[in-house]
$ cat model01.cif   # mmCIF, C-alpha atoms and all ligand atoms
data_work
#
loop_
_atom_site.label_atom_id
_atom_site.label_comp_id
_atom_site.auth_asym_id
_atom_site.auth_seq_id
_atom_site.Cartn_x
_atom_site.Cartn_y
_atom_site.Cartn_z
CA MET A 1 -9.13 0.39 -30.94
CA ALA A 2 -5.87 0.90 -32.73
CA VAL A 3 -2.20 0.07 -32.43
CA LEU A 4 -0.41 3.40 -32.15
CA GLU A 5 3.03 4.23 -33.49
CA ILE A 6 5.81 3.98 -30.90
CA LEU A 7 8.11 7.00 -30.93
CA LYS A 8 11.80 6.14 -30.93
CA ILE A 9 14.94 8.08 -30.10
CA PRO A 10 15.87 10.74 -31.08
CA ASP A 11 12.23 11.94 -31.22
CA GLU A 12 12.11 15.17 -29.20
CA ARG A 13 8.67 14.37 -27.77
CA LEU A 14 10.32 11.68 -25.62
CA LYS A 15 12.20 14.46 -23.78
CA ARG A 16 9.18 16.50 -22.72
CA VAL A 17 7.68 16.70 -19.23
CA CYS A 18 4.09 15.42 -19.41
CA GLU A 19 0.97 17.09 -18.04
CA PRO A 20 -1.30 15.53 -15.40
CA VAL A 21 -4.59 14.03 -16.55
CA GLU A 22 -7.57 16.11 -15.45
CA ALA A 23 -10.52 14.66 -17.41
CA PHE A 24 -11.59 11.08 -16.64
CA ASP A 25 -13.88 10.75 -19.61
CA GLY A 26 -14.63 8.66 -22.68
CA ALA A 27 -11.68 10.12 -24.57
CA LEU A 28 -9.36 8.92 -21.80
CA ARG A 29 -10.91 5.43 -21.88
CA ALA A 30 -10.53 5.24 -25.66
CA PHE A 31 -6.90 6.26 -25.38
CA LEU A 32 -6.24 3.70 -22.61
CA ALA A 33 -7.67 0.95 -24.83
CA ASP A 34 -5.37 1.99 -27.68
CA LEU A 35 -2.36 2.22 -25.37
CA GLU A 36 -3.05 -1.27 -24.04
CA GLU A 37 -3.43 -2.69 -27.54
CA THR A 38 -0.15 -1.01 -28.50
CA ARG A 39 1.61 -2.47 -25.43
CA GLN A 40 0.46 -5.96 -26.35
CA ALA A 41 1.42 -5.65 -30.00
CA GLY A 42 4.98 -6.50 -30.96
CA PRO A 43 7.21 -7.58 -28.08
CA ALA A 44 4.48 -7.22 -25.38
CA ALA A 45 6.35 -4.82 -23.12
CA VAL A 46 5.93 -5.00 -19.32
CA GLY A 47 5.21 -1.28 -19.37
CA ILE A 48 4.32 1.59 -21.65
CA ALA A 49 3.94 5.31 -21.03
CA ALA A 50 1.67 7.72 -22.94
CA PRO A 51 4.50 9.93 -24.27
CA GLN A 52 5.89 6.87 -26.09
CA VAL A 53 2.93 7.21 -28.45
CA GLY A 54 3.12 11.01 -28.54
CA ARG A 55 0.46 11.79 -25.92
CA LEU A 56 2.17 14.06 -23.38
CA GLN A 57 0.08 13.09 -20.36
CA ARG A 58 1.00 11.31 -17.13
CA ILE A 59 -0.35 7.83 -17.95
CA VAL A 60 1.40 4.48 -17.50
CA ILE A 61 0.30 0.89 -18.08
CA LEU A 62 2.28 -1.74 -16.21
CA ASP A 63 1.93 -5.51 -16.46
CA VAL A 64 4.80 -7.28 -14.74
CA PRO A 65 4.41 -11.05 -14.38
CA ALA A 66 5.12 -12.36 -10.86
CA ARG A 67 8.49 -14.06 -10.56
CA PRO A 68 9.71 -16.57 -7.97
CA LYS A 69 11.67 -13.93 -6.03
CA SER A 70 9.62 -10.87 -6.84
CA SER A 71 5.94 -10.15 -6.24
CA SER A 72 3.76 -8.15 -8.63
CA HIS A 73 0.36 -6.49 -8.80
CA GLY A 74 -0.22 -7.73 -12.36
CA HIS A 75 -1.99 -5.41 -14.78
CA LEU A 76 -2.22 -1.78 -13.61
CA VAL A 77 -3.38 1.43 -15.26
CA LEU A 78 -1.70 4.28 -13.38
CA ILE A 79 -2.80 7.88 -13.94
CA ASN A 80 -0.69 10.73 -12.53
CA PRO A 81 1.56 8.27 -10.66
CA GLU A 82 3.71 9.70 -7.91
CA ILE A 83 6.55 7.89 -6.16
CA LEU A 84 6.31 8.73 -2.46
CA GLN A 85 9.01 6.52 -0.95
CA TRP A 86 12.26 4.93 -2.06
CA ASP A 87 14.24 2.24 -0.30
CA GLY A 88 17.49 0.49 -1.20
CA TYR A 89 19.11 0.41 -4.60
CA GLU A 90 20.01 -2.20 -7.13
CA LEU A 91 21.68 -2.38 -10.55
CA GLY A 92 19.64 -4.12 -13.25
CA ARG A 93 19.26 -4.46 -17.01
CA GLU A 94 16.56 -2.49 -18.83
CA GLY A 95 15.22 -2.18 -22.32
CA CYS A 96 12.65 0.14 -23.89
CA LEU A 97 10.35 0.12 -26.92
CA SER A 98 11.63 3.64 -27.71
CA VAL A 99 15.29 2.53 -27.64
CA PRO A 100 15.04 -0.62 -29.74
CA ASP A 101 18.74 -1.25 -30.38
CA TYR A 102 20.12 -1.20 -26.83
CA THR A 103 19.72 -2.48 -23.30
CA GLY A 104 21.48 -0.89 -20.35
CA ASN A 105 22.39 -1.29 -16.69
CA VAL A 106 20.57 1.23 -14.50
CA ILE A 107 20.54 1.81 -10.73
CA ARG A 108 17.01 1.96 -9.29
CA ALA A 109 15.40 1.84 -5.87
CA GLU A 110 14.65 -1.75 -4.77
CA ARG A 111 11.34 -0.85 -3.16
CA ILE A 112 9.00 2.06 -3.71
CA GLY A 113 5.73 3.41 -2.39
CA LEU A 114 3.45 4.81 -5.05
CA ALA A 115 0.20 6.75 -5.27
CA ALA A 116 -1.79 6.98 -8.50
CA LEU A 117 -5.32 7.44 -9.80
CA ASP A 118 -7.21 4.64 -11.52
CA PRO A 119 -9.13 5.19 -14.81
CA ASP A 120 -12.14 6.41 -12.77
CA GLY A 121 -10.04 8.99 -10.93
CA ARG A 122 -9.90 7.10 -7.62
CA ARG A 123 -6.68 7.32 -5.64
CA CYS A 124 -4.82 4.04 -5.06
CA GLU A 125 -1.60 3.28 -3.23
CA TYR A 126 0.87 0.50 -3.96
CA GLU A 127 4.06 -0.88 -2.57
CA MET A 128 6.33 -2.41 -5.17
CA GLU A 129 9.63 -4.25 -5.09
CA GLY A 130 12.15 -5.84 -7.39
CA PHE A 131 11.41 -5.96 -11.09
CA GLU A 132 7.97 -4.34 -10.75
CA ALA A 133 9.46 -1.39 -8.83
CA ARG A 134 12.15 -1.10 -11.53
CA ALA A 135 9.60 -1.14 -14.36
CA LEU A 136 7.50 1.51 -12.60
CA GLN A 137 10.49 3.81 -12.09
CA HIS A 138 11.40 3.37 -15.77
CA GLU A 139 7.86 4.33 -16.86
CA VAL A 140 7.60 7.33 -14.50
CA ASP A 141 10.90 8.56 -15.98
CA HIS A 142 9.19 8.63 -19.40
CA LEU A 143 6.63 11.07 -17.94
CA ASP A 144 9.50 13.38 -17.00
CA GLY A 145 11.23 13.15 -20.38
CA LEU A 146 13.93 10.72 -19.24
CA LEU A 147 15.03 7.47 -20.89
CA PHE A 148 17.09 4.67 -19.34
CA ILE A 149 20.03 5.69 -21.52
CA ASP A 150 20.05 8.98 -19.57
CA ARG A 151 20.49 6.98 -16.35
CA VAL A 152 23.31 4.57 -17.21
CA VAL A 153 26.41 5.29 -15.17
CA SER A 154 28.75 4.83 -18.14
CA ARG A 155 27.66 4.72 -21.78
CA ARG A 156 30.88 2.84 -22.53
CA THR A 157 30.45 -0.05 -20.08
CA ASP A 158 26.72 -0.11 -19.26
CA LEU A 159 25.06 0.08 -22.70
CA PHE A 160 24.72 -3.11 -24.74
CA ARG A 161 23.72 -3.46 -28.37
CA ARG A 162 20.85 -5.93 -28.67
CA LYS A 163 21.81 -9.16 -30.35
CA VAL A 164 19.97 -9.95 -33.54
CA TYR A 165 18.53 -13.43 -33.36
CA ARG A 166 18.24 -15.07 -36.76
CA LYS A 167 16.13 -18.05 -37.65
CA GLY A 168 18.15 -21.19 -36.97
CA GLY A 169 20.69 -19.23 -34.98
CA ARG A 170 20.65 -18.72 -31.26
NI NI B 1 10.64 2.67 -21.86
#
$ encode --input "model01.cif" --output "structure tokens"
Amino acid sequence: MAVLEILKIPDERLKRVCEPVEAFDGALRAFLADLEETRQAGPAAVGIAAPQVGRLQRIVILDVPARPKSSSHGHLVLINPEILQWDGYELGREGCLSVPDYTGNVIRAERIGLAALDPDGRRCEYEMEGFEARALQHEVDHLDGLLFIDRVVSRRTDLFRRKVYRKGGR
């Protein structure tokens, strides 16, 4: 296993539309292990998409902790995910390993219905809400070459430079 390099803006590979996975083989499993190790390294993101490490395939790992007001499926490996239903909308703050210096306010559906394949190629369906639904929509955007900064309503009022926290500071 290996921690892979995370591509950051303005890397052009982050703007490409990814291809569906067709082979559910040992090479896929090895890549999934590396992607998971990469997700856990550093700031332990709630989600990561294959194009963020330069592999232009439709693969997402999601691991959203349950919150008091928002349920979650926990750790999911989602191959060729497809959002089938959208319901409601909500403004919320997002960040991204590929956009390290900013967070932004983005409008997303509150609830979604999703179909995806698991690492063995079996079809699974999920209903997601709240922060998990938001994280999933963010990751599926990566598969279509979109970043959250492409979704903010106004770059002037909805993008925020990340604060630098120094030792001893707050
Ligand atoms: Ni991201």
$ atom_distance --input "model01.cif" --atom1 "CA of Ile83 (chain A)" --atom2 "CA of Gly130 (chain A)"
14.9 Å
$ residues_near_ligand --input "model01.cif" --ligand "ligand NI 1 (chain B)" --cutoff "8 Å" --atoms "only C-alpha atoms and all ligand atoms" --output "PDB file with C-alpha atoms, keeping the file's coordinate frame"
ATOM      1  CA  GLY A  47       5.210  -1.280 -19.370  1.00  0.00           C
ATOM      2  CA  ILE A  48       4.320   1.590 -21.650  1.00  0.00           C
ATOM      3  CA  ALA A  49       3.940   5.310 -21.030  1.00  0.00           C
ATOM      4  CA  GLN A  52       5.890   6.870 -26.090  1.00  0.00           C
ATOM      5  CA  GLY A  95      15.220  -2.180 -22.320  1.00  0.00           C
ATOM      6  CA  CYS A  96      12.650   0.140 -23.890  1.00  0.00           C
ATOM      7  CA  LEU A  97      10.350   0.120 -26.920  1.00  0.00           C
ATOM      8  CA  SER A  98      11.630   3.640 -27.710  1.00  0.00           C
ATOM      9  CA  VAL A  99      15.290   2.530 -27.640  1.00  0.00           C
ATOM     10  CA  HIS A 138      11.400   3.370 -15.770  1.00  0.00           C
ATOM     11  CA  GLU A 139       7.860   4.330 -16.860  1.00  0.00           C
ATOM     12  CA  HIS A 142       9.190   8.630 -19.400  1.00  0.00           C
ATOM     13  CA  LEU A 147      15.030   7.470 -20.890  1.00  0.00           C
ATOM     14  CA  PHE A 148      17.090   4.670 -19.340  1.00  0.00           C
TER      15      PHE A 148
END
$ residues_near_point --input "model01.cif" --point "(27.1, 2.7, -18.7)" --cutoff "12 Å" --atoms "all atoms listed in the file" --output "list in words"
Leu91, Gly92, Arg93, Glu94, Tyr102, Thr103, Gly104, Asn105, Val106, Ile107, Phe148, Ile149, Asp150, Arg151, Val152, Val153, Ser154, Arg155, Arg156, Thr157, Asp158, Leu159, Phe160 and Arg161 of chain A
$ write_last_selection --input "model01.cif" --atoms "C-alpha atoms" --output "short mmCIF file (atom, residue, chain, number, x, y, z; two decimals), in the coordinates of the input"
data_model
loop_
_atom_site.label_atom_id
_atom_site.label_comp_id
_atom_site.auth_asym_id
_atom_site.auth_seq_id
_atom_site.Cartn_x
_atom_site.Cartn_y
_atom_site.Cartn_z
CA LEU A 91 21.68 -2.38 -10.55
CA GLY A 92 19.64 -4.12 -13.25
CA ARG A 93 19.26 -4.46 -17.01
CA GLU A 94 16.56 -2.49 -18.83
CA TYR A 102 20.12 -1.20 -26.83
CA THR A 103 19.72 -2.48 -23.30
CA GLY A 104 21.48 -0.89 -20.35
CA ASN A 105 22.39 -1.29 -16.69
CA VAL A 106 20.57 1.23 -14.50
CA ILE A 107 20.54 1.81 -10.73
CA PHE A 148 17.09 4.67 -19.34
CA ILE A 149 20.03 5.69 -21.52
CA ASP A 150 20.05 8.98 -19.57
CA ARG A 151 20.49 6.98 -16.35
CA VAL A 152 23.31 4.57 -17.21
CA VAL A 153 26.41 5.29 -15.17
CA SER A 154 28.75 4.83 -18.14
CA ARG A 155 27.66 4.72 -21.78
CA ARG A 156 30.88 2.84 -22.53
CA THR A 157 30.45 -0.05 -20.08
CA ASP A 158 26.72 -0.11 -19.26
CA LEU A 159 25.06 0.08 -22.70
CA PHE A 160 24.72 -3.11 -24.74
CA ARG A 161 23.72 -3.46 -28.37
#
$ atom_distance --input "model01.cif" --atom1 "CA of Arg123 (chain A)" --atom2 "CA of Gln40 (chain A)"
25.6 Å
$ residues_around --input "model01.cif" --residues "region 134-136 of chain A" --least-positions-apart "5" --cutoff "8 Å" --atoms "all atoms listed in the file" --output "PyMOL selection string"
chain A and resi 46-47+62+64+108-110+129
$ closest_residue --input "model01.cif" --among "A:Gly145, A:Gly26, A:Pro100, A:Gly88" --to "Ala45 (chain A)" --atoms "all atoms listed in the file"
A:Pro100
$ atom_distance --input "model01.cif" --atom1 "CA of Glu22 (chain A)" --atom2 "CA of Lys8 (chain A)"
26.7 Å
$ closest_residue --input "model01.cif" --among "A:Val140, A:Leu56, A:Ile61, A:Ala133" --to "Tyr89 (chain A)" --atoms "only C-alpha atoms"
A:Ala133
$ closest_residue --input "model01.cif" --among "A:Leu114, A:Leu84, A:Ala30, A:Ala50" --to "Arg13 (chain A)" --atoms "all atoms listed in the file"
A:Ala50
$ closest_residue --input "model01.cif" --among "A:Asp25, A:Glu82, A:Asp34, A:Glu127" --to "Asp141 (chain A)" --atoms "all atoms listed in the file"
A:Glu82
$ build_atoms --input "model01.cif" --residues "region 48-67 of chain A" --atoms "N, CA, C and O atoms" --output "mmCIF file, in the frame of the given file"
data_model
loop_
_atom_site.group_PDB
_atom_site.id
_atom_site.type_symbol
_atom_site.label_atom_id
_atom_site.label_comp_id
_atom_site.auth_asym_id
_atom_site.auth_seq_id
_atom_site.Cartn_x
_atom_site.Cartn_y
_atom_site.Cartn_z
ATOM 1 N N ILE A 48 4.321 0.599 -20.569
ATOM 2 C CA ILE A 48 4.320 1.590 -21.650
ATOM 3 C C ILE A 48 3.816 2.899 -21.036
ATOM 4 O O ILE A 48 2.993 2.885 -20.118
ATOM 5 N N ALA A 49 4.335 3.998 -21.531
ATOM 6 C CA ALA A 49 3.940 5.310 -21.030
ATOM 7 C C ALA A 49 3.373 6.125 -22.191
ATOM 8 O O ALA A 49 3.824 5.994 -23.332
ATOM 9 N N ALA A 50 2.371 6.974 -21.887
ATOM 10 C CA ALA A 50 1.670 7.720 -22.940
ATOM 11 C C ALA A 50 2.602 8.512 -23.864
ATOM 12 O O ALA A 50 2.375 8.541 -25.076
ATOM 13 N N PRO A 51 3.655 9.160 -23.344
ATOM 14 C CA PRO A 51 4.500 9.930 -24.270
ATOM 15 C C PRO A 51 5.183 9.060 -25.321
ATOM 16 O O PRO A 51 5.569 9.570 -26.378
ATOM 17 N N GLN A 52 5.285 7.748 -25.086
ATOM 18 C CA GLN A 52 5.890 6.870 -26.090
ATOM 19 C C GLN A 52 5.045 6.763 -27.351
ATOM 20 O O GLN A 52 5.530 6.299 -28.386
ATOM 21 N N VAL A 53 3.765 7.155 -27.253
ATOM 22 C CA VAL A 53 2.930 7.210 -28.450
ATOM 23 C C VAL A 53 2.540 8.656 -28.756
ATOM 24 O O VAL A 53 1.589 8.921 -29.494
ATOM 25 N N GLY A 54 3.289 9.612 -28.186
ATOM 26 C CA GLY A 54 3.120 11.010 -28.540
ATOM 27 C C GLY A 54 2.033 11.739 -27.777
ATOM 28 O O GLY A 54 1.697 12.878 -28.106
ATOM 29 N N ARG A 55 1.470 11.115 -26.741
ATOM 30 C CA ARG A 55 0.460 11.790 -25.920
ATOM 31 C C ARG A 55 1.144 12.242 -24.628
ATOM 32 O O ARG A 55 1.521 11.424 -23.801
ATOM 33 N N LEU A 56 1.310 13.550 -24.457
ATOM 34 C CA LEU A 56 2.170 14.060 -23.380
ATOM 35 C C LEU A 56 1.367 14.242 -22.102
ATOM 36 O O LEU A 56 1.223 15.341 -21.567
ATOM 37 N N GLN A 57 0.847 13.119 -21.607
ATOM 38 C CA GLN A 57 0.080 13.090 -20.360
ATOM 39 C C GLN A 57 0.634 12.011 -19.451
ATOM 40 O O GLN A 57 1.219 11.027 -19.900
ATOM 41 N N ARG A 58 0.385 12.200 -18.134
ATOM 42 C CA ARG A 58 1.000 11.310 -17.130
ATOM 43 C C ARG A 58 0.167 10.034 -16.978
ATOM 44 O O ARG A 58 -0.643 9.900 -16.057
ATOM 45 N N ILE A 59 0.391 9.099 -17.903
ATOM 46 C CA ILE A 59 -0.350 7.830 -17.950
ATOM 47 C C ILE A 59 0.651 6.703 -18.201
ATOM 48 O O ILE A 59 1.478 6.799 -19.112
ATOM 49 N N VAL A 60 0.534 5.646 -17.378
ATOM 50 C CA VAL A 60 1.400 4.480 -17.500
ATOM 51 C C VAL A 60 0.542 3.218 -17.433
ATOM 52 O O VAL A 60 -0.390 3.145 -16.639
ATOM 53 N N ILE A 61 0.847 2.238 -18.264
ATOM 54 C CA ILE A 61 0.300 0.890 -18.080
ATOM 55 C C ILE A 61 1.459 -0.030 -17.735
ATOM 56 O O ILE A 61 2.502 0.005 -18.393
ATOM 57 N N LEU A 62 1.251 -0.819 -16.682
ATOM 58 C CA LEU A 62 2.280 -1.740 -16.210
ATOM 59 C C LEU A 62 1.664 -3.132 -16.168
ATOM 60 O O LEU A 62 0.501 -3.285 -15.777
ATOM 61 N N ASP A 63 2.412 -4.133 -16.598
ATOM 62 C CA ASP A 63 1.930 -5.510 -16.460
ATOM 63 C C ASP A 63 3.142 -6.415 -16.290
ATOM 64 O O ASP A 63 3.652 -6.971 -17.249
ATOM 65 N N VAL A 64 3.595 -6.505 -15.046
ATOM 66 C CA VAL A 64 4.800 -7.280 -14.740
ATOM 67 C C VAL A 64 4.376 -8.637 -14.218
ATOM 68 O O VAL A 64 3.685 -8.718 -13.204
ATOM 69 N N PRO A 65 4.761 -9.720 -14.894
ATOM 70 C CA PRO A 65 4.410 -11.050 -14.380
ATOM 71 C C PRO A 65 5.128 -11.303 -13.058
ATOM 72 O O PRO A 65 6.266 -10.873 -12.878
ATOM 73 N N ALA A 66 4.467 -11.982 -12.119
ATOM 74 C CA ALA A 66 5.120 -12.360 -10.860
ATOM 75 C C ALA A 66 6.259 -13.314 -11.175
ATOM 76 O O ALA A 66 6.172 -14.131 -12.087
ATOM 77 N N ARG A 67 7.341 -13.176 -10.417
ATOM 78 C CA ARG A 67 8.490 -14.060 -10.560
ATOM 79 C C ARG A 67 8.728 -14.742 -9.225
ATOM 80 O O ARG A 67 8.243 -14.254 -8.207
#
